[in-house]
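Visitor: Contents of data-v9.txt (compact mmCIF, C-alpha atoms) are below:
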# COMPACT_ATOMS: atom_id res chain seq x y z
CA MET Y 10 -1.66 -25.15 -41.97
CA SER Y 11 1.25 -26.93 -40.29
CA ASP Y 12 3.42 -26.01 -43.26
CA ALA Y 13 2.51 -22.31 -43.23
CA PRO Y 14 5.25 -19.94 -42.11
CA ASP Y 15 4.98 -19.28 -38.38
CA LEU Y 16 5.43 -15.53 -38.53
CA LEU Y 17 2.67 -15.22 -41.13
CA THR Y 18 0.29 -17.26 -38.97
CA ALA Y 19 1.22 -15.11 -35.98
CA LEU Y 20 0.50 -11.95 -37.99
CA ILE Y 21 -2.91 -13.24 -39.11
CA ASP Y 22 -3.76 -14.19 -35.52
CA ALA Y 23 -2.58 -10.83 -34.16
CA LEU Y 24 -4.69 -8.89 -36.68
CA ARG Y 25 -7.80 -10.54 -35.26
CA CYS Y 26 -7.55 -8.35 -32.15
CA LEU Y 27 -9.02 -5.58 -34.35
CA PRO Y 28 -12.81 -5.22 -34.00
CA GLY Y 29 -14.81 -6.71 -36.88
CA VAL Y 30 -11.81 -8.62 -38.25
CA GLY Y 31 -12.27 -12.39 -38.52
CA ALA Y 32 -10.01 -15.11 -39.89
CA LYS Y 33 -10.60 -14.33 -43.56
CA SER Y 34 -10.25 -10.54 -43.23
CA ALA Y 35 -7.10 -10.95 -41.14
CA GLN Y 36 -5.61 -13.17 -43.83
CA ARG Y 37 -6.53 -10.68 -46.54
CA MET Y 38 -4.98 -7.83 -44.53
CA ALA Y 39 -1.75 -9.77 -43.90
CA PHE Y 40 -1.37 -10.68 -47.58
CA HIS Y 41 -2.22 -7.16 -48.70
CA LEU Y 42 0.45 -5.64 -46.46
CA LEU Y 43 3.07 -8.23 -47.45
CA GLU Y 44 2.36 -8.03 -51.17
CA ARG Y 45 1.61 -4.39 -51.67
CA ASP Y 46 2.26 -2.15 -48.69
CA ARG Y 47 5.23 -3.16 -46.54
CA ASP Y 48 6.05 0.49 -45.85
CA GLY Y 49 2.50 1.11 -44.64
CA GLY Y 50 2.67 -1.97 -42.44
CA THR Y 51 5.97 -0.94 -40.91
CA HIS Y 52 4.64 2.57 -40.33
CA LEU Y 53 1.50 1.16 -38.70
CA ALA Y 54 3.60 -1.06 -36.43
CA GLY Y 55 5.63 1.91 -35.21
CA VAL Y 56 2.66 4.22 -34.63
CA LEU Y 57 0.68 1.43 -32.94
CA GLN Y 58 3.56 0.69 -30.58
CA ARG Y 59 3.92 4.36 -29.62
CA ALA Y 60 0.17 4.88 -29.27
CA MET Y 61 -0.39 1.85 -27.03
CA GLN Y 62 2.38 3.02 -24.70
CA GLY Y 63 2.08 6.78 -25.02
CA ILE Y 64 -1.66 7.54 -24.97
CA GLY Y 65 -3.12 7.91 -21.49
CA HIS Y 66 -6.01 9.94 -20.11
CA CYS Y 67 -6.29 13.69 -19.60
CA LYS Y 68 -6.28 14.40 -15.85
CA SER Y 69 -8.95 17.04 -16.31
CA CYS Y 70 -11.51 15.55 -18.74
CA ARG Y 71 -10.55 11.84 -18.94
CA ASN Y 72 -10.27 11.95 -22.75
CA PHE Y 73 -7.38 10.13 -24.42
CA SER Y 74 -4.25 12.28 -24.38
CA GLU Y 75 -0.52 11.95 -24.85
CA SER Y 76 0.16 14.56 -22.20
CA ASP Y 77 -1.21 15.09 -18.68
CA GLU Y 78 -3.77 17.54 -19.99
CA CYS Y 79 -5.38 17.15 -23.41
CA ALA Y 80 -5.23 19.84 -26.10
CA ILE Y 81 -8.86 20.90 -25.51
CA CYS Y 82 -8.46 21.35 -21.75
CA ALA Y 83 -5.14 23.15 -22.24
CA ASN Y 84 -6.67 25.53 -24.80
CA PRO Y 85 -7.30 28.89 -23.05
CA THR Y 86 -9.78 30.04 -25.72
CA ARG Y 87 -12.22 27.26 -24.79
CA ASP Y 88 -15.07 28.54 -22.61
CA PRO Y 89 -14.75 27.05 -19.09
CA ALA Y 90 -18.40 27.93 -18.32
CA LEU Y 91 -19.65 25.21 -20.69
CA LEU Y 92 -19.02 21.56 -19.90
CA CYS Y 93 -20.27 18.85 -22.27
CA VAL Y 94 -20.47 15.29 -20.93
CA VAL Y 95 -20.04 12.46 -23.44
CA GLU Y 96 -19.80 8.71 -23.04
CA THR Y 97 -16.75 8.03 -25.20
CA PRO Y 98 -13.88 9.79 -27.00
CA ALA Y 99 -15.58 8.80 -30.27
CA ASP Y 100 -18.66 10.83 -29.24
CA LEU Y 101 -16.39 13.77 -28.42
CA LEU Y 102 -14.75 13.57 -31.85
CA ALA Y 103 -18.17 13.41 -33.54
CA LEU Y 104 -19.31 16.57 -31.71
CA GLU Y 105 -16.03 18.35 -32.47
CA GLN Y 106 -16.35 17.55 -36.15
CA ALA Y 107 -20.05 18.41 -36.44
CA THR Y 108 -20.58 21.39 -34.17
CA GLY Y 109 -18.91 24.70 -33.48
CA TYR Y 110 -18.94 23.99 -29.72
CA ARG Y 111 -16.21 25.99 -28.00
CA GLY Y 112 -16.65 24.81 -24.41
CA ARG Y 113 -14.92 21.93 -22.67
CA TYR Y 114 -15.72 18.24 -22.32
CA PHE Y 115 -15.92 15.55 -19.72
CA VAL Y 116 -15.58 11.97 -20.99
CA LEU Y 117 -17.29 9.32 -18.84
CA MET Y 118 -15.48 6.47 -20.66
CA GLY Y 119 -18.70 4.48 -20.33
CA ARG Y 120 -22.23 4.86 -18.99
CA LEU Y 121 -24.14 3.80 -15.89
CA SER Y 122 -24.68 0.11 -16.43
CA PRO Y 123 -25.15 -2.01 -13.31
CA LEU Y 124 -25.23 -5.21 -15.38
CA ASP Y 125 -21.71 -4.52 -16.66
CA GLY Y 126 -20.60 -3.39 -13.22
CA MET Y 127 -20.23 0.24 -14.37
CA GLY Y 128 -21.10 2.52 -11.45
CA PRO Y 129 -20.48 6.22 -10.76
CA GLN Y 130 -16.93 5.53 -9.52
CA ASP Y 131 -15.95 4.06 -12.90
CA LEU Y 132 -17.23 7.17 -14.68
CA GLY Y 133 -15.05 9.59 -12.71
CA VAL Y 134 -17.87 10.99 -10.58
CA GLU Y 135 -15.50 12.52 -7.99
CA LEU Y 136 -13.61 14.47 -10.65
CA LEU Y 137 -16.89 15.63 -12.22
CA LYS Y 138 -18.30 16.74 -8.84
CA ARG Y 139 -15.16 18.77 -8.15
CA LYS Y 140 -15.53 20.46 -11.55
CA LEU Y 141 -19.21 21.27 -10.93
CA ALA Y 142 -18.45 22.57 -7.41
CA GLY Y 143 -15.56 24.71 -8.70
CA GLY Y 144 -17.91 27.55 -9.60
CA GLU Y 145 -16.62 28.04 -13.14
CA VAL Y 146 -19.16 25.80 -14.91
CA ARG Y 147 -22.56 27.36 -15.59
CA GLU Y 148 -24.08 24.87 -18.05
CA LEU Y 149 -23.68 21.09 -18.18
CA VAL Y 150 -24.49 19.90 -21.72
CA ILE Y 151 -25.49 16.24 -21.33
CA ALA Y 152 -24.67 14.45 -24.58
CA THR Y 153 -24.97 10.80 -23.56
CA ASN Y 154 -26.50 8.48 -26.14
CA PRO Y 155 -30.29 8.22 -26.42
CA THR Y 156 -30.26 4.59 -25.25
CA VAL Y 157 -31.82 3.21 -22.07
CA GLU Y 158 -28.49 3.32 -20.27
CA GLY Y 159 -27.55 6.68 -21.75
CA GLU Y 160 -30.88 8.16 -20.62
CA ALA Y 161 -30.40 6.78 -17.11
CA THR Y 162 -26.92 8.30 -17.08
CA ALA Y 163 -28.34 11.62 -18.31
CA HIS Y 164 -30.90 11.61 -15.49
CA TRP Y 165 -28.18 10.99 -12.91
CA LEU Y 166 -25.97 13.72 -14.41
CA GLY Y 167 -28.92 16.12 -14.29
CA GLN Y 168 -29.30 15.49 -10.59
CA LEU Y 169 -25.58 16.07 -10.03
CA ALA Y 170 -25.84 19.38 -11.88
CA HIS Y 171 -28.92 20.53 -9.96
CA ALA Y 172 -27.22 19.65 -6.66
CA ALA Y 173 -24.26 21.83 -7.61
CA GLY Y 174 -26.44 24.71 -8.85
CA VAL Y 175 -25.39 24.19 -12.48
CA ARG Y 176 -27.93 24.36 -15.32
CA PRO Y 177 -28.19 20.97 -17.07
CA THR Y 178 -29.16 20.81 -20.76
CA ARG Y 179 -29.74 17.83 -23.03
CA LEU Y 180 -29.21 17.41 -26.77
CA ALA Y 181 -32.50 17.71 -28.67
CA HIS Y 182 -34.11 14.47 -29.85
CA GLY Y 183 -36.37 14.19 -32.87
CA VAL Y 184 -36.50 13.42 -36.56
CA PRO Y 185 -32.98 13.36 -38.07
CA LEU Y 186 -32.29 15.94 -40.78
CA GLY Y 187 -32.71 14.43 -44.23
CA GLY Y 188 -34.79 11.59 -42.80
CA GLU Y 189 -38.22 10.68 -44.13
CA LEU Y 190 -41.04 10.39 -41.59
CA GLU Y 191 -42.09 7.12 -43.21
CA TYR Y 192 -38.83 5.48 -42.19
CA VAL Y 193 -38.28 7.04 -38.76
CA ASP Y 194 -38.85 4.58 -35.88
CA ARG Y 195 -42.02 5.00 -33.78
CA GLY Y 196 -40.26 6.03 -30.57
CA THR Y 197 -38.41 8.86 -32.26
CA LEU Y 198 -41.50 9.98 -34.15
CA ALA Y 199 -43.66 10.00 -30.98
CA HIS Y 200 -40.97 11.98 -29.16
CA ALA Y 201 -40.61 14.45 -32.03
CA PHE Y 202 -44.39 14.92 -32.20
CA GLY Y 203 -44.70 15.47 -28.45
CA SER Y 204 -41.82 17.93 -28.44
CA ARG Y 205 -43.09 20.00 -31.38
CA ARG Y 206 -42.14 23.65 -31.29
CA ASP Y 207 -43.68 26.93 -32.40
CA LEU Y 208 -42.56 28.06 -35.80
CA GLU Y 209 -40.96 31.47 -35.53
CA ASP Y 210 -41.36 34.16 -38.19
CA MET T 21 -9.90 17.95 -35.30
CA SER T 22 -7.08 20.40 -34.56
CA ASP T 23 -7.54 19.70 -30.87
CA ALA T 24 -7.35 15.90 -31.19
CA PRO T 25 -4.20 14.31 -29.82
CA ASP T 26 -1.63 13.96 -32.59
CA LEU T 27 -0.63 10.40 -31.83
CA LEU T 28 -4.28 9.29 -31.93
CA THR T 29 -4.80 10.97 -35.30
CA ALA T 30 -1.60 9.33 -36.56
CA LEU T 31 -2.84 5.93 -35.39
CA ILE T 32 -6.21 6.38 -37.12
CA ASP T 33 -4.45 7.43 -40.33
CA ALA T 34 -1.99 4.54 -40.14
CA LEU T 35 -4.79 1.96 -39.70
CA ARG T 36 -6.24 3.06 -43.04
CA CYS T 37 -3.41 1.24 -44.83
CA LEU T 38 -5.35 -1.96 -44.08
CA PRO T 39 -7.61 -3.07 -46.96
CA GLY T 40 -11.29 -2.30 -46.48
CA VAL T 41 -10.63 0.08 -43.59
CA GLY T 42 -11.93 3.63 -44.05
CA ALA T 43 -11.95 6.63 -41.73
CA LYS T 44 -14.79 5.41 -39.50
CA SER T 45 -13.51 1.84 -39.16
CA ALA T 46 -9.99 3.07 -38.43
CA GLN T 47 -11.36 5.32 -35.69
CA ARG T 48 -13.36 2.45 -34.22
CA MET T 49 -10.30 0.19 -34.29
CA ALA T 50 -8.09 2.80 -32.61
CA PHE T 51 -10.60 3.45 -29.83
CA HIS T 52 -11.22 -0.25 -29.35
CA LEU T 53 -7.53 -0.97 -28.90
CA LEU T 54 -7.00 2.01 -26.59
CA GLU T 55 -10.07 1.32 -24.46
CA ARG T 56 -10.15 -2.44 -24.33
CA ASP T 57 -7.13 -4.20 -25.75
CA ARG T 58 -3.83 -2.41 -25.28
CA ASP T 59 -2.01 -5.72 -24.86
CA GLY T 60 -3.45 -6.98 -28.14
CA GLY T 61 -2.43 -3.73 -29.84
CA THR T 62 1.12 -3.89 -28.50
CA HIS T 63 1.36 -7.54 -29.54
CA LEU T 64 0.08 -6.69 -33.02
CA ALA T 65 2.64 -3.87 -33.33
CA GLY T 66 5.51 -6.24 -32.49
CA VAL T 67 4.38 -9.05 -34.78
CA LEU T 68 3.65 -6.62 -37.62
CA GLN T 69 7.12 -5.08 -37.32
CA ARG T 70 8.80 -8.48 -37.42
CA ALA T 71 6.61 -9.76 -40.24
CA MET T 72 7.18 -6.73 -42.49
CA GLN T 73 10.94 -7.08 -42.09
CA GLY T 74 11.30 -10.83 -41.73
CA ILE T 75 8.97 -12.36 -44.33
CA GLY T 76 10.54 -12.74 -47.77
CA HIS T 77 9.97 -15.19 -50.60
CA CYS T 78 10.94 -18.85 -50.83
CA LYS T 79 13.73 -19.20 -53.39
CA SER T 80 12.16 -22.38 -54.72
CA CYS T 81 8.40 -21.70 -54.95
CA ARG T 82 8.12 -17.88 -54.44
CA ASN T 83 5.64 -18.27 -51.56
CA PHE T 84 6.05 -16.03 -48.50
CA SER T 85 8.64 -17.46 -46.16
CA GLU T 86 10.76 -16.40 -43.22
CA SER T 87 13.65 -18.57 -44.38
CA ASP T 88 15.32 -19.07 -47.77
CA GLU T 89 13.20 -22.12 -48.44
CA CYS T 90 9.60 -22.37 -47.20
CA ALA T 91 8.36 -25.19 -44.97
CA ILE T 92 6.55 -26.92 -47.83
CA CYS T 93 9.57 -26.94 -50.17
CA ALA T 94 11.84 -28.05 -47.32
CA ASN T 95 9.50 -30.91 -46.38
CA PRO T 96 11.03 -34.16 -47.77
CA THR T 97 7.71 -36.03 -47.53
CA ARG T 98 6.13 -33.77 -50.16
CA ASP T 99 6.01 -35.44 -53.58
CA PRO T 100 8.38 -33.57 -55.95
CA ALA T 101 6.65 -35.15 -58.99
CA LEU T 102 3.56 -32.98 -58.45
CA LEU T 103 3.77 -29.21 -58.88
CA CYS T 104 0.69 -27.05 -58.33
CA VAL T 105 0.74 -23.52 -59.74
CA VAL T 106 -1.34 -20.89 -57.91
CA GLU T 107 -1.69 -17.15 -58.37
CA THR T 108 -1.27 -16.05 -54.75
CA PRO T 109 -0.23 -17.30 -51.30
CA ALA T 110 -3.91 -17.00 -50.29
CA ASP T 111 -4.82 -19.52 -53.00
CA LEU T 112 -2.09 -21.84 -51.73
CA LEU T 113 -3.46 -21.59 -48.17
CA ALA T 114 -6.99 -22.32 -49.40
CA LEU T 115 -5.81 -25.47 -51.20
CA GLU T 116 -3.75 -26.59 -48.20
CA GLN T 117 -6.74 -26.18 -45.91
CA ALA T 118 -9.27 -27.85 -48.24
CA THR T 119 -7.38 -30.64 -49.95
CA GLY T 120 -5.07 -33.45 -48.97
CA TYR T 121 -2.59 -32.45 -51.69
CA ARG T 122 0.90 -33.66 -50.81
CA GLY T 123 2.88 -32.29 -53.75
CA ARG T 124 4.66 -28.97 -54.02
CA TYR T 125 3.60 -25.52 -55.14
CA PHE T 126 4.73 -22.70 -57.36
CA VAL T 127 3.31 -19.26 -56.55
CA LEU T 128 3.10 -16.85 -59.49
CA MET T 129 2.44 -13.85 -57.20
CA GLY T 130 0.07 -12.56 -59.86
CA ARG T 131 -1.30 -13.56 -63.25
CA LEU T 132 -0.63 -12.65 -66.87
CA SER T 133 -2.16 -9.21 -67.18
CA PRO T 134 -0.74 -6.97 -69.91
CA LEU T 135 -2.94 -4.06 -68.80
CA ASP T 136 -1.31 -4.11 -65.34
CA GLY T 137 2.12 -4.67 -66.89
CA MET T 138 2.35 -8.22 -65.49
CA GLY T 139 4.28 -10.35 -67.96
CA PRO T 140 5.97 -13.78 -67.70
CA GLN T 141 9.11 -12.26 -66.12
CA ASP T 142 7.06 -10.92 -63.18
CA LEU T 143 5.61 -14.37 -62.56
CA GLY T 144 8.99 -16.10 -62.19
CA VAL T 145 8.88 -17.86 -65.56
CA GLU T 146 12.62 -18.62 -65.57
CA LEU T 147 12.44 -20.36 -62.20
CA LEU T 148 9.36 -22.33 -63.31
CA LYS T 149 11.02 -23.38 -66.59
CA ARG T 150 14.07 -24.63 -64.67
CA LYS T 151 11.77 -26.67 -62.41
CA LEU T 152 9.91 -28.18 -65.37
CA ALA T 153 13.17 -28.96 -67.17
CA GLY T 154 14.66 -30.54 -64.04
CA GLY T 155 13.05 -33.90 -64.82
CA GLU T 156 11.52 -34.40 -61.37
CA VAL T 157 8.08 -32.92 -62.11
CA ARG T 158 5.65 -35.23 -63.89
CA GLU T 159 2.36 -33.35 -63.46
CA LEU T 160 1.74 -29.61 -63.42
CA VAL T 161 -1.56 -28.92 -61.60
CA ILE T 162 -2.72 -25.55 -62.92
CA ALA T 163 -4.84 -23.91 -60.20
CA THR T 164 -5.10 -20.33 -61.46
CA ASN T 165 -8.44 -18.63 -60.92
CA PRO T 166 -11.28 -19.20 -63.42
CA THR T 167 -11.20 -15.55 -64.54
CA VAL T 168 -10.31 -14.25 -67.98
CA GLU T 169 -6.75 -13.49 -66.89
CA GLY T 170 -6.46 -16.70 -64.89
CA GLU T 171 -7.59 -18.76 -67.91
CA ALA T 172 -5.08 -16.99 -70.17
CA THR T 173 -2.39 -17.73 -67.60
CA ALA T 174 -3.51 -21.36 -67.44
CA HIS T 175 -3.27 -21.64 -71.23
CA TRP T 176 0.26 -20.22 -71.18
CA LEU T 177 1.27 -22.55 -68.31
CA GLY T 178 -0.14 -25.51 -70.27
CA GLN T 179 2.10 -24.63 -73.21
CA LEU T 180 5.13 -24.37 -70.93
CA ALA T 181 4.34 -27.82 -69.51
CA HIS T 182 3.86 -29.40 -72.94
CA ALA T 183 7.13 -27.90 -74.13
CA ALA T 184 8.92 -29.47 -71.18
CA GLY T 185 7.21 -32.84 -71.60
CA VAL T 186 5.26 -32.46 -68.36
CA ARG T 187 1.56 -33.41 -68.14
CA PRO T 188 -0.57 -30.31 -67.41
CA THR T 189 -3.86 -30.71 -65.50
CA ARG T 190 -6.49 -28.13 -64.57
CA LEU T 191 -8.84 -27.95 -61.58
CA ALA T 192 -12.36 -29.11 -62.53
CA HIS T 193 -14.95 -26.42 -63.13
CA GLY T 194 -18.66 -26.93 -62.58
CA VAL T 195 -21.53 -26.52 -60.18
CA PRO T 196 -20.22 -25.84 -56.64
CA LEU T 197 -21.11 -28.43 -53.99
CA GLY T 198 -24.16 -27.35 -52.02
CA GLY T 199 -25.16 -24.91 -54.77
CA GLU T 200 -28.61 -24.88 -56.34
CA LEU T 201 -28.78 -24.98 -60.12
CA GLU T 202 -31.33 -22.18 -60.04
CA TYR T 203 -28.74 -19.78 -58.61
CA VAL T 204 -25.62 -20.88 -60.48
CA ASP T 205 -24.49 -18.38 -63.15
CA ARG T 206 -25.04 -19.26 -66.81
CA GLY T 207 -21.37 -19.63 -67.74
CA THR T 208 -20.73 -22.11 -64.96
CA LEU T 209 -23.91 -24.04 -65.74
CA ALA T 210 -23.10 -24.24 -69.47
CA HIS T 211 -19.60 -25.43 -68.65
CA ALA T 212 -20.87 -28.01 -66.15
CA PHE T 213 -23.44 -29.29 -68.68
CA GLY T 214 -20.87 -29.55 -71.46
CA SER T 215 -18.39 -31.34 -69.19
CA ARG T 216 -20.89 -33.87 -67.83
CA ARG T 217 -19.41 -37.22 -66.88
CA ASP T 218 -20.56 -40.85 -66.89
CA LEU T 219 -21.97 -41.98 -63.58
CA GLU T 220 -20.00 -44.93 -62.32
CA ASP T 221 -21.59 -47.85 -60.52
In structure tokens, write the structure found in this file.
Guide:
Amino acid sequence: MSDAPDLLTALIDALRCLPGVGAKSAQRMAFHLLERDRDGGTHLAGVLQRAMQGIGHCKSCRNFSESDECAICANPTRDPALLCVVETPADLLALEQATGYRGRYFVLMGRLSPLDGMGPQDLGVELLKRKLAGGEVRELVIATNPTVEGEATAHWLGQLAHAAGVRPTRLAHGVPLGGELEYVDRGTLAHAFGSRRDLED
Amino acid sequence: MSDAPDLLTALIDALRCLPGVGAKSAQRMAFHLLERDRDGGTHLAGVLQRAMQGIGHCKSCRNFSESDECAICANPTRDPALLCVVETPADLLALEQATGYRGRYFVLMGRLSPLDGMGPQDLGVELLKRKLAGGEVRELVIATNPTVEGEATAHWLGQLAHAAGVRPTRLAHGVPLGGELEYVDRGTLAHAFGSRRDLED
């Protein structure tokens, strides 16, 4: 390795900052870009530079945004009476792509997790309380993940909503569409069975 | 998606130029860098920019190099009588890391492949012929891959060597170390059986 070009080694090392990319993948990526896609690599370098410097957080919902206020918060056709709380920007994107939701969001950028030192302050609780107390929000859609920490966070958010006189709702849990009962885990199946609903005509 | 920040979308798109990275992985990478490793992302952007512009090919062996001549070719302790031909810089790196080879290399940057339009000219045949005719090289170690195209390339390289009065050698093929015969493919096993060697004391 001592004879390898320094810049190439530096590129392979730098690529390893990407999640899920180890030594071999990084090497493959570096060689691919050098051999076949220098324009793509140069483009990526430019966009990456601008994104790392230019993307901050929306002052209203804490989502990633280039400007002070993100496009969703700045959009006047979005219903201010609905506020959906998600853990991460990736969750927000998933909801945007899957649902026709036309309300606004609040991004915790994490979840309550005492072991990781994540408390209410780190999740923007003051900003959220101000929003709930503002009088505009009528329903708080709690869309944290159905994990132990996500459920604890949902419980805490529910209490915040009740205290502010806002109606909290939670995403439905149950058997995923297209799933087969045989392969659904026990916890989900028990929950789905217990939460069975009347069939309507 | 129309409400997503433009720079974020551009970053996710740009990351897809990396091999093996689809829409979901690119999104995960972008969010990871933004949430947890902005310094790493900025560093990667800088190195990538410099690498795409600064890394060319060694004028002597065709490997990637920042300078006119790569570190291996410029190293006077490397034996000029040995020349190892590989298909790609990745193959060269693998040999450097695994073997104690102290000769020099020639990187084809491909293999004979008429279907892909790769002929001798694309593999630097003129440069290789000049090297073989130079009188310094005594052994041509042919380390192309044991694929159909790699074997055809090896055959062609062997003819070039013979024509120049240089001794061509080929990497040994057989059962990989640590492999179990039960799981070795038939072709390899037949080759290993046919090429069996006397056990020495």
Visitor: So how many Å separate atom CA of Y:Ala35 and atom CA of Y:Asp22, to one decimal?
Guide: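 Interatomic distance here is 7.3 Å.
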Visitor: Give me, as a compact mmCIF listing (two decimals) with C-alpha atoms, keeping the file's coordinate frame, the residues of chain Y touching chain T, with the criterion being at most 6 Å (counting only C-alpha atoms).
Guide:
# COMPACT_ATOMS: atom_id res chain seq x y z
CA ASP Y 12 3.42 -26.01 -43.26
CA PRO Y 14 5.25 -19.94 -42.11
CA LEU Y 20 0.50 -11.95 -37.99
CA ALA Y 23 -2.58 -10.83 -34.16
CA CYS Y 26 -7.55 -8.35 -32.15
CA LEU Y 27 -9.02 -5.58 -34.35
CA PRO Y 28 -12.81 -5.22 -34.00
CA MET Y 38 -4.98 -7.83 -44.53
CA ARG Y 47 5.23 -3.16 -46.54
CA GLY Y 49 2.50 1.11 -44.64
CA THR Y 51 5.97 -0.94 -40.91
CA LEU Y 53 1.50 1.16 -38.70
CA ALA Y 54 3.60 -1.06 -36.43
CA VAL Y 56 2.66 4.22 -34.63
CA LEU Y 57 0.68 1.43 -32.94
CA GLN Y 58 3.56 0.69 -30.58
CA MET Y 61 -0.39 1.85 -27.03
CA SER Y 74 -4.25 12.28 -24.38
CA ALA Y 80 -5.23 19.84 -26.10
CA ILE Y 81 -8.86 20.90 -25.51
Visitor: Provide the atom CA of T:Ala163 to atom CA of Y:Arg45 distance in Å, to one decimal place.
Guide: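 Straight-line distance from atom CA of T:Ala163 to atom CA of Y:Arg45 works out to 22.3 Å.
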Visitor: Need to verify the contact set: T:Lys149, 9 Å, all atoms listed in the file, exclusion of same-chain residues closer than 4 positions in sequence. Can you return it as a list in words?
Guide: Gly144, Val145, Ala153, Gly154, Leu180, Ala181 and Ala184 of chain T
Visitor: For T:Gly123, find every residue with an atom within 9 Å (counting all atoms listed in the file), except residues of its own chain fewer than 3 positions away, and show them as a ChimeraX atom specification.
Guide: /T:92,97-104
Visitor: Write out, as a compact mmCIF listing (two decimals), keeping the file's coordinate frame, the residues just selected, with C-alpha atoms.
Guide:
# COMPACT_ATOMS: atom_id res chain seq x y z
CA ILE T 92 6.55 -26.92 -47.83
CA THR T 97 7.71 -36.03 -47.53
CA ARG T 98 6.13 -33.77 -50.16
CA ASP T 99 6.01 -35.44 -53.58
CA PRO T 100 8.38 -33.57 -55.95
CA ALA T 101 6.65 -35.15 -58.99
CA LEU T 102 3.56 -32.98 -58.45
CA LEU T 103 3.77 -29.21 -58.88
CA CYS T 104 0.69 -27.05 -58.33
Visitor: Please list as a list in words every residue within 12 Å of Y:Ser204, counting all atoms listed in the file and excluding residues in the same chain fewer than 4 positions away.
Guide: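 With the cut-off at 12 Å, the set is Ala181, His182, Gly183, Val184, Thr197, Leu198, Ala199 and His200 of chain Y.
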Visitor: Which distance in Å separates atom CA of Y:Pro123 and atom CA of Y:Gly196, to one decimal?
Guide: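 These two atoms are separated by 24.3 Å.
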